[in-house]
Amino acid sequence: MVNKKICIISPLGYTGIAYYDHSLSEKLSAIGFTIVLITSKFRIINPEVTSYEIKRMFSGTYGESNKIKKGLSYIWCMVKIYCYILKHKFRIVHCQILELPIIDVIFFAMLRICGVSIVFTPHDVRSFKNSNLNLFSNLMFKLSNFIIVHNKSNVAELVNEYHIRREKVKIIPHGNYSIFLNTELGKKEAREKIGICLDKKIILFFGNIRPGKGLETAISAFKMLKDCTDSMFLIVGKVSKNYDIGWLRKELENEFLKSRIVFRNNFISDEFIESYYKASDIILVPYENAFESGVLRYAFSCGVPVIASDIDIFKEFAVDMENCLIFKRGDARDLSEKIRVLLTDRLLAEKISMNARELSNQKWDWMESAYKTKEVYELLRVEKYEDR
């Protein structure tokens, strides 16, 4: 019989992963599990009441302090968490994205030595920031009892590139964002809240800005829409460290662009995220590579028209002209044509909005995700552990 006491570890509670942590923990609790979520001291999701317990044990591991200090803090936090797991006799630990694979490998090994089973949901199965870390990620995959990914492309990556046994990898789709949305928030109110003009059609690029996100392609595409004078391009998100955006600042000096692009290079707090989506007429997801996209799922949940690149993870559920528009990855001209279509065809925009929201509600239900996660826990065949 599966052990009902689960420790979920997710140090990145100060990022969008907090939505995932909360939704999964709530639904696992609803089907009978006792969940303890160990996360960051600062957390963007702070519900007044939860059906699970929250332990804010990651402190000093994020923010603007230097890397050495954050690294030492992370090691100390993992030591405390390891002691907490053993003290409270957890037999199953479910890890989300972890921050320091070099340290996390040791943590995984110590848990396995003590007989603790590990379920690992990496979300990004390969690092886009530092390829040297992928060796340690591979060791973490091998030390895990099961790995949960969100799509078939992730499975292929793990099996073909990391040589992980196929039966060890389970697909559980990322859930939607519906429970976080204010159904009464309209476009006018959303624009007023974030201080965006009411008389323009807004094209949004949202999220962490890094290489591979396709922002260069999006800018090039927007430059081709000089005749669409009623449109504005809104770029919102914090630029990743070590990513030089000098090219973007130079583009913004362009006489045509500087009056039609708004660039907000800062962290967006939880209270404003929904407003950015609902203030928009089109959301661009022009990624050149990705393993998952919370931006796309959030947009589908809101029912805002999406134009996405043709990478494999999107093609598993995105259908061109049905629930979104799809363009050829890296092709600015194709993207500009798709933007023009949505800017001018109101009926098509309404159709794909409705279909996107319907898919989100039907296929990305969190209760279904919880039951599938339960099946993974049951595969561990952990004997029920009773406290002494």
# chains A, B, ... in the order shown; residues from 1 in each chain; ligands from 1

call {"tool": "residues_around", "arguments": {"residues": "Tyr14 of chain A", "least_positions_apart": "2", "cutoff": "6 Å", "atoms": "only C-alpha atoms", "output": "list in words"}}
result
Leu12, Phe42, Arg43 and Ile44 of chain A

call {"tool": "write_last_selection", "arguments": {"atoms": "N, CA and C atoms", "output": "mmCIF file, in the first residue's frame"}}
result
data_model
loop_
_atom_site.group_PDB
_atom_site.id
_atom_site.type_symbol
_atom_site.label_atom_id
_atom_site.label_comp_id
_atom_site.auth_asym_id
_atom_site.auth_seq_id
_atom_site.Cartn_x
_atom_site.Cartn_y
_atom_site.Cartn_z
ATOM 1 N N LEU A 12 12.049 26.916 -5.695
ATOM 2 C CA LEU A 12 11.775 28.089 -6.535
ATOM 3 C C LEU A 12 10.373 28.648 -6.337
ATOM 4 N N PHE A 42 10.251 33.446 0.645
ATOM 5 C CA PHE A 42 9.384 34.323 -0.134
ATOM 6 C C PHE A 42 8.695 33.484 -1.192
ATOM 7 N N ARG A 43 7.385 33.569 -1.264
ATOM 8 C CA ARG A 43 6.604 32.732 -2.171
ATOM 9 C C ARG A 43 5.540 33.585 -2.834
ATOM 10 N N ILE A 44 5.422 33.498 -4.163
ATOM 11 C CA ILE A 44 4.490 34.398 -4.839
ATOM 12 C C ILE A 44 3.037 33.981 -4.664
#

call {"tool": "closest_atom_pairs", "arguments": {"of": "segment 9-109 of chain A", "to": "segment 371-377 of chain A", "cutoff": "9 Å", "atoms": "only C-alpha atoms", "output": "Markdown table"}}
result
| residue | atom | partner | partner_atom | distance |
| --- | --- | --- | --- | --- |
| A:Leu24 | CA | A:Thr373 | CA | 9.0 |
| A:Lys27 | CA | A:Tyr371 | CA | 8.5 |
| A:Leu28 | CA | A:Tyr371 | CA | 7.7 |
| A:Ile31 | CA | A:Tyr371 | CA | 7.8 |
| A:Phe33 | CA | A:Lys374 | CA | 8.9 |
| A:Ile92 | CA | A:Tyr377 | CA | 7.9 |

call {"tool": "atom_distance", "arguments": {"atom1": "atom CA of Lys142 of chain A", "atom2": "atom CA of Glu99 of chain A"}}
result
17.6 Å

call {"tool": "atom_distance", "arguments": {"atom1": "atom CA of Ile9 of chain A", "atom2": "atom CA of Phe291 of chain A"}}
result
20.4 Å

call {"tool": "residues_around", "arguments": {"residues": "Lys70 of chain A", "least_positions_apart": "3", "cutoff": "6 Å", "atoms": "only C-alpha atoms", "output": "list in words"}}
result
Gly60, Thr61, Lys67 and Ser73 of chain A

call {"tool": "atom_distance", "arguments": {"atom1": "atom CA of Ile261 of chain A", "atom2": "atom CA of Met232 of chain A"}}
result
5.9 Å

call {"tool": "select_by_dssp", "arguments": {"residues": "segment 170-336 of chain A", "states": "strand (DSSP E or B)", "output": "JSON, numbers by chain"}}
result
{"A": [170, 171, 201, 202, 203, 204, 205, 206, 209, 231, 232, 233, 234, 235, 236, 239, 261, 262, 263, 264, 282, 283, 284, 285, 306, 307, 308, 309, 320, 324, 325, 326, 327]}

call {"tool": "write_last_selection", "arguments": {"atoms": "C-alpha atoms", "output": "mmCIF file, in the first residue's frame"}}
result
data_model
loop_
_atom_site.group_PDB
_atom_site.id
_atom_site.type_symbol
_atom_site.label_atom_id
_atom_site.label_comp_id
_atom_site.auth_asym_id
_atom_site.auth_seq_id
_atom_site.Cartn_x
_atom_site.Cartn_y
_atom_site.Cartn_z
ATOM 1 C CA LYS A 170 5.899 9.052 -16.679
ATOM 2 C CA ILE A 171 3.968 11.718 -18.574
ATOM 3 C CA LYS A 201 -4.183 46.296 -29.952
ATOM 4 C CA ILE A 202 -1.624 44.797 -27.607
ATOM 5 C CA ILE A 203 0.790 42.032 -28.661
ATOM 6 C CA LEU A 204 2.448 40.536 -25.573
ATOM 7 C CA PHE A 205 5.762 38.759 -25.029
ATOM 8 C CA PHE A 206 5.823 37.695 -21.368
ATOM 9 C CA ILE A 209 14.078 36.858 -21.322
ATOM 10 C CA SER A 231 -0.917 47.844 -32.623
ATOM 11 C CA MET A 232 1.659 47.954 -29.811
ATOM 12 C CA PHE A 233 4.265 45.379 -28.772
ATOM 13 C CA LEU A 234 4.549 44.876 -25.003
ATOM 14 C CA ILE A 235 7.658 43.049 -23.740
ATOM 15 C CA VAL A 236 7.438 42.133 -20.070
ATOM 16 C CA VAL A 239 16.367 39.616 -18.441
ATOM 17 C CA ILE A 261 7.215 49.024 -28.144
ATOM 18 C CA VAL A 262 6.948 49.097 -24.376
ATOM 19 C CA PHE A 263 9.746 47.206 -22.606
ATOM 20 C CA ARG A 264 9.307 46.464 -18.904
ATOM 21 C CA ILE A 282 -2.354 38.436 -28.880
ATOM 22 C CA ILE A 283 0.266 36.538 -26.892
ATOM 23 C CA LEU A 284 3.437 35.430 -28.639
ATOM 24 C CA VAL A 285 5.288 32.246 -27.682
ATOM 25 C CA VAL A 306 -1.803 32.673 -28.968
ATOM 26 C CA ILE A 307 0.712 32.505 -31.785
ATOM 27 C CA ALA A 308 3.291 29.807 -31.062
ATOM 28 C CA SER A 309 6.312 28.392 -32.858
ATOM 29 C CA ASP A 320 -3.155 25.664 -36.120
ATOM 30 C CA CYS A 324 -3.904 28.937 -31.764
ATOM 31 C CA LEU A 325 -1.880 29.976 -34.779
ATOM 32 C CA ILE A 326 1.428 28.236 -35.449
ATOM 33 C CA PHE A 327 4.353 29.727 -37.343
#

call {"tool": "closest_residue", "arguments": {"among": "A:Lys238, A:Glu378, A:Lys250, A:Tyr276", "to": "Ile6 of chain A", "atoms": "only C-alpha atoms"}}
result
A:Glu378

call {"tool": "residues_around", "arguments": {"residues": "Val159 of chain A", "least_positions_apart": "5", "cutoff": "12 Å", "atoms": "only C-alpha atoms", "output": "ChimeraX atom specification"}}
result
/A:125,138,141-142,147,149,152-154,164-170

call {"tool": "residues_around", "arguments": {"residues": "Glu358 of chain A", "least_positions_apart": "2", "cutoff": "12 Å", "atoms": "only C-alpha atoms", "output": "MDAnalysis selection string"}}
result
chainID A and resid 176 178 297 300:304 322:323 351:356 360:365

call {"tool": "residues_around", "arguments": {"residues": "Gln96 of chain A", "least_positions_apart": "2", "cutoff": "12 Å", "atoms": "only C-alpha atoms", "output": "NGL selection string"}}
result
:A and (7-13 or 17-18 or 20-21 or 24-25 or 37-39 or 93-94 or 98-99 or 104 or 118-125 or 140 or 144 or 147-149)

call {"tool": "closest_residue", "arguments": {"among": "A:Lys213, A:Lys241, A:Lys80, A:Arg249", "to": "Glu64 of chain A", "atoms": "only C-alpha atoms"}}
result
A:Lys241

call {"tool": "select_by_dssp", "arguments": {"residues": "segment 39-75 of chain A", "states": "helix (DSSP H, G or I)", "output": "list in words"}}
result
Lys67, Ile68, Lys69, Lys70, Gly71, Leu72, Ser73, Tyr74 and Ile75 of chain A

call {"tool": "closest_residue", "arguments": {"among": "A:Ile106, A:Glu48, A:Ile196, A:Phe272", "to": "Ile75 of chain A", "atoms": "only C-alpha atoms"}}
result
A:Ile106

call {"tool": "residues_around", "arguments": {"residues": "Ser29 of chain A", "least_positions_apart": "5", "cutoff": "9 Å", "atoms": "only C-alpha atoms", "output": "MDAnalysis selection string"}}
result
chainID A and resid 24 34:35 51:52 370

call {"tool": "write_last_selection", "arguments": {"atoms": "N, CA and C atoms", "output": "PDB file, in the first residue's frame"}}
result
ATOM      1  N   LEU A  24      -0.922  21.285  -7.393  1.00  0.00           N
ATOM      2  CA  LEU A  24      -0.701  19.856  -7.206  1.00  0.00           C
ATOM      3  C   LEU A  24      -0.874  19.464  -5.743  1.00  0.00           C
ATOM      4  N   THR A  34      -1.232  13.272   2.768  1.00  0.00           N
ATOM      5  CA  THR A  34      -0.769  14.290   3.702  1.00  0.00           C
ATOM      6  C   THR A  34       0.478  14.916   3.083  1.00  0.00           C
ATOM      7  N   ILE A  35       0.340  16.163   2.659  1.00  0.00           N
ATOM      8  CA  ILE A  35       1.398  16.822   1.896  1.00  0.00           C
ATOM      9  C   ILE A  35       2.091  17.888   2.735  1.00  0.00           C
ATOM     10  N   SER A  51      -4.882  23.122   2.226  1.00  0.00           N
ATOM     11  CA  SER A  51      -5.157  21.790   2.766  1.00  0.00           C
ATOM     12  C   SER A  51      -3.868  21.010   2.989  1.00  0.00           C
ATOM     13  N   TYR A  52      -2.741  21.657   2.732  1.00  0.00           N
ATOM     14  CA  TYR A  52      -1.436  21.041   2.930  1.00  0.00           C
ATOM     15  C   TYR A  52      -0.584  21.955   3.810  1.00  0.00           C
ATOM     16  N   ALA A 370      -3.438  14.957 -10.313  1.00  0.00           N
ATOM     17  CA  ALA A 370      -3.218  14.397  -8.980  1.00  0.00           C
ATOM     18  C   ALA A 370      -3.400  12.881  -8.988  1.00  0.00           C
TER      19      ALA A 370
END
